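This is protein_13.csv. It holds CSV, C-alpha atoms.
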```
chain,number,residue,atom,x,y,z
L,1,MET,CA,-122.9,-73.1,184.4
L,2,PRO,CA,-121.1,-73.1,181.0
L,3,PRO,CA,-120.3,-69.7,179.5
L,4,ALA,CA,-122.7,-68.4,176.8
L,5,PRO,CA,-121.5,-69.0,173.2
L,6,LEU,CA,-119.6,-66.2,171.6
L,7,GLU,CA,-121.5,-64.3,168.9
L,8,THR,CA,-119.7,-63.8,165.6
L,9,HIS,CA,-121.8,-60.7,164.8
L,10,PRO,CA,-123.9,-58.3,166.9
L,11,PRO,CA,-127.3,-59.8,167.8
L,12,PHE,CA,-129.3,-57.5,165.6
L,13,PHE,CA,-127.9,-59.1,162.4
L,14,ASN,CA,-130.5,-61.5,161.0
L,15,ARG,CA,-132.2,-62.1,157.6
L,16,GLU,CA,-135.5,-60.5,158.7
L,17,HIS,CA,-133.8,-57.2,159.0
L,18,ASP,CA,-132.0,-57.3,155.6
L,19,GLN,CA,-134.5,-55.1,153.8
L,20,SER,CA,-134.5,-52.5,156.5
L,21,ARG,CA,-130.7,-52.3,156.6
L,22,ILE,CA,-130.6,-52.1,152.8
L,23,ALA,CA,-133.1,-49.2,153.0
L,24,ALA,CA,-131.0,-47.4,155.6
L,25,TYR,CA,-127.9,-47.9,153.5
L,26,LEU,CA,-129.6,-46.5,150.4
L,27,LEU,CA,-130.8,-43.5,152.5
L,28,GLN,CA,-127.3,-42.8,153.5
L,29,LEU,CA,-126.1,-42.9,149.9
L,30,HIS,CA,-128.8,-40.3,149.2
L,31,LYS,CA,-127.6,-38.1,152.0
L,32,ASP,CA,-124.0,-38.4,150.8
L,33,GLY,CA,-125.0,-37.1,147.4
L,34,PHE,CA,-124.9,-40.2,145.2
L,35,ARG,CA,-126.8,-40.1,142.0
L,36,PRO,CA,-130.3,-41.7,141.8
L,37,SER,CA,-129.0,-44.2,139.2
L,38,THR,CA,-126.2,-45.3,141.5
L,39,ILE,CA,-128.6,-45.7,144.5
L,40,GLU,CA,-131.0,-47.7,142.4
L,41,SER,CA,-128.2,-49.9,141.1
L,42,HIS,CA,-126.9,-50.6,144.6
L,43,GLY,CA,-130.4,-51.4,145.9
L,44,ARG,CA,-131.0,-53.8,143.0
L,45,ILE,CA,-127.7,-55.7,143.6
L,46,LEU,CA,-128.2,-55.9,147.4
L,47,ARG,CA,-131.8,-57.2,147.1
L,48,PHE,CA,-130.5,-59.8,144.6
L,49,LEU,CA,-127.8,-60.9,147.0
L,50,ALA,CA,-130.3,-61.0,149.9
L,51,LYS,CA,-132.5,-63.5,148.0
L,52,HIS,CA,-129.6,-66.0,147.9
L,53,CYS,CA,-127.5,-65.5,151.0
L,54,PRO,CA,-127.6,-63.7,154.4
L,55,LEU,CA,-126.1,-60.3,154.0
L,56,GLU,CA,-124.8,-60.4,157.6
L,57,ASP,CA,-122.5,-63.2,156.6
L,58,PRO,CA,-119.7,-61.9,154.3
L,59,GLU,CA,-118.3,-65.4,153.8
L,60,SER,CA,-121.6,-66.7,152.5
L,61,VAL,CA,-121.8,-63.7,150.1
L,62,LYS,CA,-118.3,-64.4,148.9
L,63,GLU,CA,-119.1,-68.1,148.3
L,64,PHE,CA,-122.3,-67.4,146.5
L,65,VAL,CA,-120.6,-64.9,144.1
L,66,ALA,CA,-117.7,-67.3,143.5
L,67,ASN,CA,-120.0,-70.2,142.6
L,68,ARG,CA,-122.4,-68.2,140.5
L,69,GLU,CA,-122.2,-68.6,136.7
L,70,SER,CA,-121.7,-64.9,135.8
L,71,SER,CA,-119.2,-62.8,133.8
L,72,LEU,CA,-116.2,-61.5,135.7
L,73,GLY,CA,-117.6,-58.0,135.2
L,74,ARG,CA,-120.9,-58.9,136.9
L,75,LYS,CA,-119.0,-60.5,139.8
L,76,GLU,CA,-116.9,-57.4,140.2
L,77,ASN,CA,-120.1,-55.3,140.4
L,78,LEU,CA,-121.6,-57.6,143.1
L,79,VAL,CA,-118.6,-57.7,145.4
L,80,ASP,CA,-117.9,-54.0,144.9
L,81,VAL,CA,-121.4,-53.0,146.0
L,82,TYR,CA,-121.4,-55.5,148.9
L,83,ALA,CA,-118.0,-54.3,150.1
L,84,LYS,CA,-119.4,-50.7,150.5
L,85,TYR,CA,-122.5,-52.0,152.2
L,86,ALA,CA,-120.5,-54.2,154.6
L,87,LYS,CA,-118.2,-51.3,155.5
L,88,THR,CA,-121.2,-49.2,156.6
L,89,LEU,CA,-122.3,-52.0,158.9
L,90,GLY,CA,-118.9,-52.6,160.4
L,91,LEU,CA,-118.6,-56.1,158.8
L,92,SER,CA,-115.2,-57.5,157.9
L,93,PHE,CA,-115.2,-58.3,154.2
L,94,SER,CA,-112.0,-59.2,152.3
L,95,GLU,CA,-113.1,-58.3,148.8
L,96,PRO,CA,-112.1,-61.0,146.2
L,97,ARG,CA,-110.4,-60.0,143.0
L,98,TYR,CA,-112.4,-60.2,139.9
L,99,SER,CA,-110.8,-58.5,136.9
L,100,ARG,CA,-113.3,-57.3,134.3
L,101,GLU,CA,-112.8,-58.8,130.9
L,102,ASP,CA,-112.0,-56.4,128.1
L,103,THR,CA,-114.6,-57.3,125.5
L,104,LEU,CA,-116.0,-55.3,122.6
L,105,PRO,CA,-119.7,-54.4,122.9
L,106,PHE,CA,-122.3,-56.0,120.6
L,107,ILE,CA,-123.4,-53.7,117.8
L,108,PRO,CA,-126.8,-54.5,116.3
L,109,LEU,CA,-128.0,-53.8,112.8
L,110,GLN,CA,-130.0,-50.6,112.4
L,111,LYS,CA,-133.0,-52.6,111.3
L,112,GLU,CA,-132.9,-54.7,114.5
L,113,LEU,CA,-133.2,-51.7,116.7
L,114,GLU,CA,-135.9,-50.2,114.5
L,115,SER,CA,-137.8,-53.6,114.7
L,116,ILE,CA,-137.7,-53.4,118.5
L,117,ILE,CA,-139.0,-49.9,118.6
L,118,LYS,CA,-141.7,-50.8,116.1
L,119,ALA,CA,-142.7,-53.9,118.1
L,120,THR,CA,-143.1,-51.8,121.3
L,121,ARG,CA,-146.8,-51.3,121.6
L,122,ASN,CA,-146.7,-49.2,124.8
L,123,PHE,CA,-146.4,-45.5,123.7
L,124,ARG,CA,-144.2,-44.3,126.6
L,125,GLN,CA,-141.9,-47.3,126.2
L,126,ALA,CA,-141.6,-46.6,122.5
L,127,THR,CA,-140.8,-43.0,123.1
L,128,MET,CA,-138.0,-43.8,125.5
L,129,LEU,CA,-136.5,-46.4,123.2
L,130,ARG,CA,-136.6,-43.9,120.3
L,131,LEU,CA,-134.9,-41.3,122.5
L,132,LEU,CA,-132.1,-43.7,123.3
L,133,TYR,CA,-131.8,-44.7,119.6
L,134,GLU,CA,-131.6,-41.2,118.2
L,135,THR,CA,-129.4,-39.5,120.9
L,136,GLY,CA,-127.3,-42.3,122.4
L,137,VAL,CA,-127.8,-40.9,125.9
L,138,ARG,CA,-127.4,-43.2,128.9
L,139,ILE,CA,-130.6,-44.5,130.4
L,140,GLY,CA,-129.9,-42.6,133.6
L,141,GLU,CA,-129.7,-39.4,131.6
L,142,ALA,CA,-132.9,-40.1,129.8
L,143,THR,CA,-134.9,-40.8,132.9
L,144,ARG,CA,-133.9,-37.5,134.4
L,145,LEU,CA,-135.1,-35.4,131.4
L,146,GLN,CA,-137.6,-32.7,132.3
L,147,PHE,CA,-140.0,-30.8,130.2
L,148,LYS,CA,-137.7,-27.7,130.4
L,149,ASP,CA,-134.9,-29.7,128.8
L,150,LEU,CA,-136.8,-30.0,125.5
L,151,ASP,CA,-136.6,-27.4,122.8
L,152,PHE,CA,-139.2,-28.2,120.1
L,153,GLU,CA,-138.3,-25.0,118.1
L,154,LYS,CA,-134.6,-26.1,117.7
L,155,GLN,CA,-135.6,-29.8,117.8
L,156,SER,CA,-133.1,-30.6,120.5
L,157,VAL,CA,-132.8,-32.0,124.1
L,158,ARG,CA,-130.4,-30.7,126.7
L,159,VAL,CA,-128.8,-33.6,128.6
L,160,SER,CA,-127.7,-33.3,132.2
L,161,PRO,CA,-124.6,-35.5,132.6
L,162,GLU,CA,-124.0,-38.5,134.8
L,163,LYS,CA,-120.9,-40.5,135.7
L,164,GLY,CA,-118.8,-37.4,135.4
L,165,SER,CA,-119.5,-36.8,131.8
L,166,ARG,CA,-120.3,-33.5,130.0
L,167,ALA,CA,-123.6,-31.7,129.6
L,168,ARG,CA,-124.7,-31.4,125.9
L,169,GLU,CA,-127.5,-30.5,123.6
L,170,LEU,CA,-128.5,-33.1,121.0
L,171,LYS,CA,-130.7,-32.9,117.9
L,172,ILE,CA,-133.8,-35.0,117.6
L,173,SER,CA,-136.1,-35.9,114.6
L,174,ASP,CA,-139.5,-34.5,113.8
L,175,LYS,CA,-141.0,-37.9,114.8
L,176,LEU,CA,-139.3,-37.9,118.2
L,177,CYS,CA,-140.4,-34.3,118.8
L,178,ALA,CA,-144.0,-35.3,118.1
L,179,MET,CA,-143.8,-38.3,120.4
L,180,LEU,CA,-142.3,-36.3,123.3
L,181,LYS,CA,-144.9,-33.6,122.9
L,182,GLU,CA,-147.7,-36.2,123.1
L,183,ALA,CA,-146.1,-38.0,126.0
L,184,TYR,CA,-145.8,-34.8,128.1
L,185,THR,CA,-149.4,-33.9,127.1
L,186,ARG,CA,-151.1,-37.2,127.8
L,187,PHE,CA,-149.2,-38.7,130.8
L,188,PRO,CA,-148.4,-37.5,134.3
L,189,LYS,CA,-145.2,-39.5,134.1
L,190,PRO,CA,-144.2,-39.1,130.4
L,191,LEU,CA,-141.2,-41.4,130.4
L,192,PRO,CA,-140.9,-44.8,132.2
L,193,ASN,CA,-138.2,-45.4,134.8
L,194,GLU,CA,-135.1,-47.6,134.2
L,195,LYS,CA,-136.5,-50.7,135.7
L,196,THR,CA,-139.7,-50.6,133.7
L,197,VAL,CA,-138.1,-49.9,130.3
L,198,ARG,CA,-135.5,-52.6,130.9
L,199,THR,CA,-138.1,-55.2,131.7
L,200,TYR,CA,-140.2,-54.2,128.7
L,201,LEU,CA,-137.1,-54.4,126.4
L,202,GLU,CA,-136.2,-57.9,127.7
L,203,LYS,CA,-139.7,-59.1,126.9
L,204,THR,CA,-139.8,-57.5,123.5
L,205,ARG,CA,-136.4,-58.8,122.4
L,206,LYS,CA,-137.3,-62.3,123.5
L,207,ILE,CA,-140.5,-62.3,121.4
L,208,LEU,CA,-138.6,-61.0,118.3
L,209,ALA,CA,-135.8,-63.5,118.7
L,210,LYS,CA,-138.3,-66.3,118.7
L,211,THR,CA,-140.7,-65.1,116.0
L,212,GLU,CA,-137.9,-64.0,113.6
L,213,GLY,CA,-135.5,-66.9,114.5
L,214,ASN,CA,-132.8,-64.3,115.2
L,215,PRO,CA,-130.9,-64.8,118.5
L,216,ARG,CA,-129.0,-61.5,118.0
L,217,TYR,CA,-131.9,-59.7,119.6
L,218,LEU,CA,-131.1,-61.3,122.9
L,219,ASN,CA,-127.8,-59.4,123.0
L,220,ILE,CA,-129.6,-56.0,122.8
L,221,HIS,CA,-129.6,-54.1,126.1
L,222,LEU,CA,-130.5,-50.5,127.0
L,223,HIS,CA,-126.8,-49.5,126.7
L,224,THR,CA,-126.6,-51.1,123.3
L,225,PHE,CA,-128.5,-48.2,121.8
L,226,ARG,CA,-125.6,-45.9,123.0
L,227,HIS,CA,-123.0,-48.2,121.4
L,228,PHE,CA,-124.9,-48.2,118.1
L,229,LYS,CA,-125.2,-44.5,118.1
L,230,ALA,CA,-121.5,-44.0,118.8
L,231,THR,CA,-120.4,-46.5,116.1
L,232,MET,CA,-122.7,-45.1,113.4
L,233,LEU,CA,-121.5,-41.5,114.2
L,234,TYR,CA,-117.9,-42.5,113.8
L,235,HIS,CA,-118.7,-44.4,110.6
L,236,GLN,CA,-120.4,-41.3,109.2
L,237,THR,CA,-117.8,-38.7,110.2
L,238,ARG,CA,-114.6,-40.5,111.1
L,239,ASP,CA,-114.3,-37.7,113.7
L,240,LEU,CA,-113.5,-38.9,117.2
L,241,LEU,CA,-113.8,-35.5,118.8
L,242,TYR,CA,-117.3,-35.0,117.4
L,243,VAL,CA,-118.3,-38.5,118.7
L,244,GLN,CA,-116.8,-37.7,122.1
L,245,GLN,CA,-118.9,-34.4,122.2
L,246,VAL,CA,-122.1,-36.2,121.4
L,247,LEU,CA,-121.6,-39.0,123.9
L,248,GLY,CA,-120.4,-36.6,126.6
L,249,HIS,CA,-117.2,-38.4,127.3
L,250,LYS,CA,-114.6,-36.4,129.2
L,251,SER,CA,-111.8,-38.7,128.1
L,252,ILE,CA,-111.1,-39.5,124.5
L,253,SER,CA,-109.9,-42.9,125.6
L,254,ASN,CA,-113.5,-43.9,126.3
L,255,THR,CA,-114.4,-43.0,122.7
L,256,LEU,CA,-111.5,-44.7,121.0
L,257,ARG,CA,-112.9,-48.2,121.5
L,258,TYR,CA,-115.6,-47.5,118.9
L,259,THR,CA,-112.9,-47.2,116.1
L,260,GLN,CA,-112.6,-51.0,116.4
L,261,LEU,CA,-116.2,-51.6,115.7
L,262,VAL,CA,-116.6,-49.8,112.4
L,263,ASP,CA,-116.7,-51.7,109.1
L,264,TRP,CA,-114.9,-49.5,106.6
L,265,LYS,CA,-115.9,-51.6,103.5
L,266,GLU,CA,-118.6,-49.0,102.8
L,267,SER,CA,-117.3,-45.6,101.5
L,268,GLU,CA,-116.8,-42.9,104.2
L,269,GLN,CA,-119.4,-40.1,103.9
L,270,PHE,CA,-117.4,-37.2,105.3
L,271,ALA,CA,-113.9,-35.6,105.3
L,272,CYS,CA,-113.2,-33.9,108.6
L,273,LYS,CA,-110.8,-31.1,109.5
L,274,ALA,CA,-110.0,-29.1,112.7
L,275,ALA,CA,-109.2,-25.4,112.9
L,276,LYS,CA,-107.5,-23.7,115.8
L,277,THR,CA,-107.3,-20.2,114.3
L,278,LEU,CA,-109.6,-17.8,112.4
L,279,GLU,CA,-107.5,-18.1,109.3
L,280,GLN,CA,-107.7,-21.9,109.3
L,281,ALA,CA,-111.4,-21.8,109.8
L,282,SER,CA,-111.9,-19.3,106.9
L,283,ALA,CA,-109.8,-21.5,104.6
L,284,LEU,CA,-111.9,-24.6,105.4
L,285,ILE,CA,-115.1,-22.7,104.7
L,286,GLU,CA,-113.7,-21.5,101.3
L,287,LEU,CA,-113.0,-25.2,100.5
L,288,GLY,CA,-116.7,-26.1,101.2
L,289,PHE,CA,-116.4,-27.4,104.7
L,290,ASP,CA,-119.3,-27.0,107.1
L,291,TYR,CA,-118.8,-26.0,110.8
L,292,VAL,CA,-119.9,-28.8,113.2
L,293,THR,CA,-119.0,-27.9,116.7
L,294,GLU,CA,-116.2,-26.5,119.0
L,295,LEU,CA,-114.5,-28.6,121.6
L,296,ASP,CA,-111.7,-27.5,123.9
L,297,GLY,CA,-111.0,-24.4,121.7
L,298,VAL,CA,-110.8,-26.4,118.5
L,299,LYS,CA,-113.4,-25.8,115.8
L,300,LEU,CA,-114.5,-28.9,113.9
L,301,PHE,CA,-115.5,-28.9,110.2
L,302,ARG,CA,-116.7,-31.6,107.8
L,303,LYS,CA,-117.5,-32.0,104.1
L,304,ARG,CA,-119.3,-34.7,102.2
L,305,LYS,CA,-116.9,-36.6,99.9
```

Rewrite the structure of this file - the entire thing - as structure tokens.
Amino acid sequence: MPPAPLETHPPFFNREHDQSRIAAYLLQLHKDGFRPSTIESHGRILRFLAKHCPLEDPESVKEFVANRESSLGRKENLVDVYAKYAKTLGLSFSEPRYSREDTLPFIPLQKELESIIKATRNFRQATMLRLLYETGVRIGEATRLQFKDLDFEKQSVRVSPEKGSRARELKISDKLCAMLKEAYTRFPKPLPNEKTVRTYLEKTRKILAKTEGNPRYLNIHLHTFRHFKATMLYHQTRDLLYVQQVLGHKSISNTLRYTQLVDWKESEQFACKAAKTLEQASALIELGFDYVTELDGVKLFRKRK
């Protein structure tokens, strides 16, 4: 009697169990204290891979990613998530090297973002997009907002950080205050989740691109609102520390990239100064500078030119 063929993987590995294994992996991430946005991202990537190749076969996954027409950054994300997943299952996976391309983000015109918000007929979706537009928060930070984080008297929102950034309090307009009040009054779930708002934005931008004959809309993603806010803030203040504080960046190097995106043809609106002592601060106030914020012990002031 010939010997039984050797199994390359344990017998419980098969496609029918992919979803249950993904669920078990995501549960483990939750137990290990990963953020909900990270868990959701890993789940989305693994379910995408499972549609195209068997997750129990690392070489099939590697071949699929290599042959897929995607950016190097996207491929890097795919293999990074799969490598973590494979490790938990005891699969041998030699992670291929995909170096993310250093590209500048697309910055839309203000009227383009406003057109998207105006074209959004769903009230909850419009509220979320306006929140991203006015504050520049990450979508993960926005979806975690709770009613207690809103201060309608001060017209501000308190943002709990993600990705190791800083907590911060940001000003919002009368219009957004009114929209948030209505959303929390009318709906059990005032703000949509990330998947829903992303899908709605993709549909809206596609419609606008076609009706207005403007393909630039197709480059607008949820994170584009954050890039726009950062660039406009720097254009208005020319103050990197202030932009860093609003965005919640812990490292100024993350903020520096926005200096390359500003068109300085228009006149700058503010002159900005920093003060480390009481005497310096007093002198700036006498010269007409207004206090903006304090960051790492340095007081920031600005004055319109």

**Message:** Measuring between only C-alpha atoms, which one of L:Cys177, L:Arg226, L:Lys206, L:Tyr25 shows the shortest distance to Lys87 (chain L)?
**Reply:**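 That would be L:Tyr25, the residue with the smallest distance to Lys87 (chain L).
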
**Prompt:** When distances are computed from all atoms listed in the file, which of L:Tyr184, L:Gln155, L:Ser165, L:Glu194 shows the smallest separation from Asn254 (chain L)?
**Reply:**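 Result for the nearest residue to Asn254 (chain L): L:Ser165.
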
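If you look at CA of Arg47 (chain L) and CA of Asp32 (chain L), they are 20.7 Å away from each other.
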
**Item:** Distance of CA of Arg74 (chain L) from CA of Leu27 (chain L), expressed in Å to one decimal place
**Value:** 24.1 Å

**Request:** Dig up all the protein and nucleic acid residues within 12 Å of (-110.6, -58.7, 153.9) in the file frame, using only C-alpha atoms, and format them as an NGL selection string.
**Result:** :L and (58-59 or 62 or 79 or 83 or 86-87 or 91-97)

**Request:** Tell me which protein, DNA and RNA residues are within 9 Å of Gly248 (chain L), counting only C-alpha atoms, leaving out same-chain ones fewer than 4 positions away, and put them as a list in words.
**Result:**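 Result of the neighbour search: Val137, Pro161, Gly164, Ser165, Arg166, Ala167, Arg168, Val243 and Gln244 of chain L.
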
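With distances restricted to only C-alpha atoms, L:Val157 is the closest residue to Leu170 (chain L) from L:Ile207, L:Leu78, L:Leu191, L:Val157.
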
**Request:** Mind checking which residues fall within 12 Å of Glu182 (chain L), counting all atoms listed in the file, ignoring those fewer than 4 positions away in the same chain, and posting them as a PyMOL selection string?
**Result:** chain L and resi 123-124+127+147+175-178+186-191

**Prompt:** Between L:Thr143, L:Thr224, L:Ser115, L:Gln125, which one has atoms that come closest to Pro36 (chain L), using all atoms listed in the file?
**Reply:** L:Thr143

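Reported to one decimal place, the separation of CA of Ile220 (chain L) from CA of Pro105 (chain L) is 10.0 Å.
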